[in-house]
Amino acid sequence: GLSCGILPARGASLPTAPRYMLAAAALSHLPGVPNFRDVGGIPCDAGARFTRPGVLLRSASPCCANGQAVHELVGVRGVGTVLDLRSPDEALADDTKAFQGSSRPLGHLTVHVNLMDSSLVRNGVLRRLLMSPSAAVALGGLRLLRSMPPPPDQHAELLARTRLSRTRVAPSLSRSLWRAVARYAAAREAAGAAYDERVAALLAELSLADVYEWILTRNGNAVRRALEVCAEALPRAPVLVHCTHGKDRTGLLVSLLLHAAGASAEEVAAEYARTDAWAATAEGRAAQEAMLPARLAARLDLDGFCRASPATLHELWRRVEARYGSVDGYMSAIGVAPATRAALRDALTAPRPPAEGGPAAGGERGQ
């Protein structure tokens with residue numbers, strides 16, 4: 001099968017090596033499910049507990065998963081919930097027909113919680129832009145000219161006729177009209193290019209920590225809902241969390257889940273950074289580029305948006321601590337109940353066995 005032999009039998013003891021799952025998980029591969037891995041084997045509570053293997057899975061969009069992959073996820077790994085961190089409209093951009101060949105299509109298991117859409121980034125850039133009124137006015141003027149309608153087709157047709165024959169419009173009027181429309185079209189095109197250049201420059205000034213901070217502070221209700229979905233679903237069956245790229249929204253939510261499980265900031269950042277190996281590949285860059293308008297993607301250096309550096313999460317936690325006192329303080333601020341955090345910890349982790357080959361310690365789900 002496609003399970004790579006990394007799933008322990010139910011009730012089996014957890015190996016004692018702190019990173020017992022990472023090497024195997026790094027080799028996990030499902031056709032049509034890029035950036036896929038099992039978030040198991042991560043030390044929690046200073047090594048007293050570990051995240052259970054086979055419980056929390058993460059990936060990029062599984063829209064191209066074939067029947068074998070769907071069987072692996074549902075039939076072998078027992079996935080009971082697919083948490084899609086995109087809006088239903090964004091998800092529709094994927095070819096969901098890929099799931100129709102399975103007797104238990106993933107679409108039936110999917111819950112949508114929209115952590116981020118284009119408006120969140122657009123509004124964040126606008127707030128920064130308003131800090132410089134002159135730049136805001138200049139960009140607004142370019143956008144206004146860019147949004148003006150193009151010369152009507154009938155004008156172009158008339159001009160084409162009058163350039164060939166001067167019978168219907170006087171030659172001087174024909175030339176004047178042609179020049180005026182040509183100047184208007186050229187100015188509109190130039191304004192559009194200048195607008196895109198300035199927007200690309202603004203985006204280039206952003207860091208991933210900026211975007212993650214906007215998600216946490218502007219979409220707190222959605223973050224809470226995503227955590228609650230996991231707390232409800234994980235005790236029953238494994239959960240697959242994904243977005244489009246599988247790095248930003250997915251990485252942010254998994255980081256919060258690992259924090260709730262008791263993982264240290266260093267362990268959380270290290271797990272987040274494991275996406276870097278795929279995100280920087282041609283496939284990963286293409287997935288990131290597909291999320292941007294083509295006219296902007298061509299003007300942006302995507303390296304910074306594709307990489308997954310531990311420094312990004314450390315900077316985010318620094319900002320969260322400055323604003324909320326701690327990550328736990330943030331969770332309290334958005335209304336994540338203590339019972340929800342406790343449910344996450346219990347579902348995600350198991351005690352470390354006393355010694356290799358010793359009796360099982362919490363191997364069964366829910367113990």
# chains A, B, ... in the order shown; residues from 1 in each chain; ligands from 1

call {"tool": "closest_atom_pairs", "arguments": {"of": "region 318-345 of chain A", "to": "region 226-233 of chain A", "cutoff": "8 Å", "atoms": "only C-alpha atoms", "output": "CSV"}}
result
residue,atom,partner,partner_atom,distance
A:Val336,CA,A:Glu228,CA,7.8
A:Thr340,CA,A:Ala231,CA,6.0
A:Arg341,CA,A:Ala231,CA,7.6
A:Ala343,CA,A:Ala231,CA,5.7
A:Leu344,CA,A:Ala231,CA,5.1

call {"tool": "write_last_selection", "arguments": {"atoms": "N, CA, C and O atoms", "output": "PDB file, in the first residue's frame"}}
result
ATOM      1  N   VAL A 336     -11.034  30.813  22.940  1.00  0.00           N
ATOM      2  CA  VAL A 336     -10.786  29.366  22.965  1.00  0.00           C
ATOM      3  C   VAL A 336     -10.875  28.899  24.410  1.00  0.00           C
ATOM      4  O   VAL A 336     -10.058  29.271  25.250  1.00  0.00           O
ATOM      5  N   THR A 340     -11.478  23.260  25.456  1.00  0.00           N
ATOM      6  CA  THR A 340     -11.063  22.998  24.076  1.00  0.00           C
ATOM      7  C   THR A 340      -9.576  22.693  24.023  1.00  0.00           C
ATOM      8  O   THR A 340      -9.132  21.750  23.351  1.00  0.00           O
ATOM      9  N   ARG A 341      -8.789  23.474  24.756  1.00  0.00           N
ATOM     10  CA  ARG A 341      -7.336  23.249  24.764  1.00  0.00           C
ATOM     11  C   ARG A 341      -7.011  21.905  25.404  1.00  0.00           C
ATOM     12  O   ARG A 341      -6.127  21.178  24.932  1.00  0.00           O
ATOM     13  N   ALA A 343      -8.945  19.275  25.441  1.00  0.00           N
ATOM     14  CA  ALA A 343      -9.359  18.222  24.506  1.00  0.00           C
ATOM     15  C   ALA A 343      -8.316  18.040  23.410  1.00  0.00           C
ATOM     16  O   ALA A 343      -8.027  16.904  22.994  1.00  0.00           O
ATOM     17  N   LEU A 344      -7.747  19.146  22.951  1.00  0.00           N
ATOM     18  CA  LEU A 344      -6.708  19.063  21.927  1.00  0.00           C
ATOM     19  C   LEU A 344      -5.475  18.344  22.458  1.00  0.00           C
ATOM     20  O   LEU A 344      -4.907  17.472  21.790  1.00  0.00           O
TER      21      LEU A 344
END

call {"tool": "select_by_dssp", "arguments": {"residues": "region 240-272 of chain A", "states": "helix (DSSP H, G or I)", "output": "ChimeraX atom specification"}}
result
/A:249-261,265-272

call {"tool": "write_last_selection", "arguments": {"atoms": "C-alpha atoms", "output": "PDB file, in the first residue's frame"}}
result
ATOM      1  CA  ARG A 249      -2.760  28.878   6.831  1.00  0.00           C
ATOM      2  CA  THR A 250      -2.072  25.208   7.490  1.00  0.00           C
ATOM      3  CA  GLY A 251       1.267  25.954   9.133  1.00  0.00           C
ATOM      4  CA  LEU A 252      -0.265  28.603  11.362  1.00  0.00           C
ATOM      5  CA  LEU A 253      -3.111  26.384  12.566  1.00  0.00           C
ATOM      6  CA  VAL A 254      -0.835  23.377  13.115  1.00  0.00           C
ATOM      7  CA  SER A 255       1.490  25.614  15.124  1.00  0.00           C
ATOM      8  CA  LEU A 256      -1.383  26.617  17.404  1.00  0.00           C
ATOM      9  CA  LEU A 257      -2.464  22.986  17.722  1.00  0.00           C
ATOM     10  CA  LEU A 258       1.068  21.949  18.700  1.00  0.00           C
ATOM     11  CA  HIS A 259       1.224  24.777  21.234  1.00  0.00           C
ATOM     12  CA  ALA A 260      -2.025  23.546  22.761  1.00  0.00           C
ATOM     13  CA  ALA A 261      -0.495  20.054  22.842  1.00  0.00           C
ATOM     14  CA  ALA A 265       8.276  27.152  20.569  1.00  0.00           C
ATOM     15  CA  GLU A 266      11.431  25.573  19.150  1.00  0.00           C
ATOM     16  CA  GLU A 267       9.669  22.313  18.318  1.00  0.00           C
ATOM     17  CA  VAL A 268       6.726  24.156  16.780  1.00  0.00           C
ATOM     18  CA  ALA A 269       9.019  26.294  14.615  1.00  0.00           C
ATOM     19  CA  ALA A 270      11.015  23.234  13.544  1.00  0.00           C
ATOM     20  CA  GLU A 271       7.854  21.437  12.413  1.00  0.00           C
ATOM     21  CA  TYR A 272       6.713  24.518  10.496  1.00  0.00           C
TER      22      TYR A 272
END

call {"tool": "residues_around", "arguments": {"residues": "Leu240 (chain A)", "least_positions_apart": "4", "cutoff": "9 Å", "atoms": "only C-alpha atoms", "output": "ChimeraX atom specification"}}
result
/A:55-59,73,79-84

call {"tool": "atom_distance", "arguments": {"atom1": "CA of Gly246 (chain A)", "atom2": "CA of Asn221 (chain A)"}}
result
20.7 Å

call {"tool": "residues_around", "arguments": {"residues": "Ala273 (chain A)", "least_positions_apart": "3", "cutoff": "6 Å", "atoms": "only C-alpha atoms", "output": "PDB file with N, CA and C atoms, in the first residue's frame"}}
result
ATOM      1  N   ALA A 270      10.319  24.258  14.329  1.00  0.00           N
ATOM      2  CA  ALA A 270      11.015  23.234  13.544  1.00  0.00           C
ATOM      3  C   ALA A 270      10.034  22.454  12.676  1.00  0.00           C
ATOM      4  N   ASP A 276       9.598  23.760   4.181  1.00  0.00           N
ATOM      5  CA  ASP A 276      10.518  24.469   3.291  1.00  0.00           C
ATOM      6  C   ASP A 276      11.049  23.556   2.188  1.00  0.00           C
ATOM      7  N   ALA A 308       9.858  28.587   4.323  1.00  0.00           N
ATOM      8  CA  ALA A 308       9.269  28.376   5.651  1.00  0.00           C
ATOM      9  C   ALA A 308      10.411  28.366   6.659  1.00  0.00           C
ATOM     10  N   SER A 309      10.711  29.524   7.182  1.00  0.00           N
ATOM     11  CA  SER A 309      11.838  29.667   8.101  1.00  0.00           C
ATOM     12  C   SER A 309      11.359  29.652   9.548  1.00  0.00           C
ATOM     13  N   PRO A 310      12.104  28.986  10.439  1.00  0.00           N
ATOM     14  CA  PRO A 310      11.739  29.043  11.868  1.00  0.00           C
ATOM     15  C   PRO A 310      11.676  30.473  12.391  1.00  0.00           C
TER      16      PRO A 310
END

call {"tool": "closest_residue", "arguments": {"among": "A:Ala186, A:Leu216, A:Cys243, A:Leu348", "to": "Arg323 (chain A)", "atoms": "only C-alpha atoms"}}
result
A:Leu216

call {"tool": "closest_residue", "arguments": {"among": "A:Asp210, A:Arg352, A:Ala311, A:Thr275", "to": "Ala46 (chain A)", "atoms": "only C-alpha atoms"}}
result
A:Arg352

call {"tool": "closest_residue", "arguments": {"among": "A:Arg319, A:Arg224, A:Arg285, A:His245", "to": "Phe36 (chain A)", "atoms": "only C-alpha atoms"}}
result
A:His245

call {"tool": "residues_around", "arguments": {"residues": "Met116 (chain A)", "least_positions_apart": "4", "cutoff": "9 Å", "atoms": "only C-alpha atoms", "output": "VMD selection string"}}
result
chain A and resid 85 to 87 120 to 121 214 to 215 219 222 249
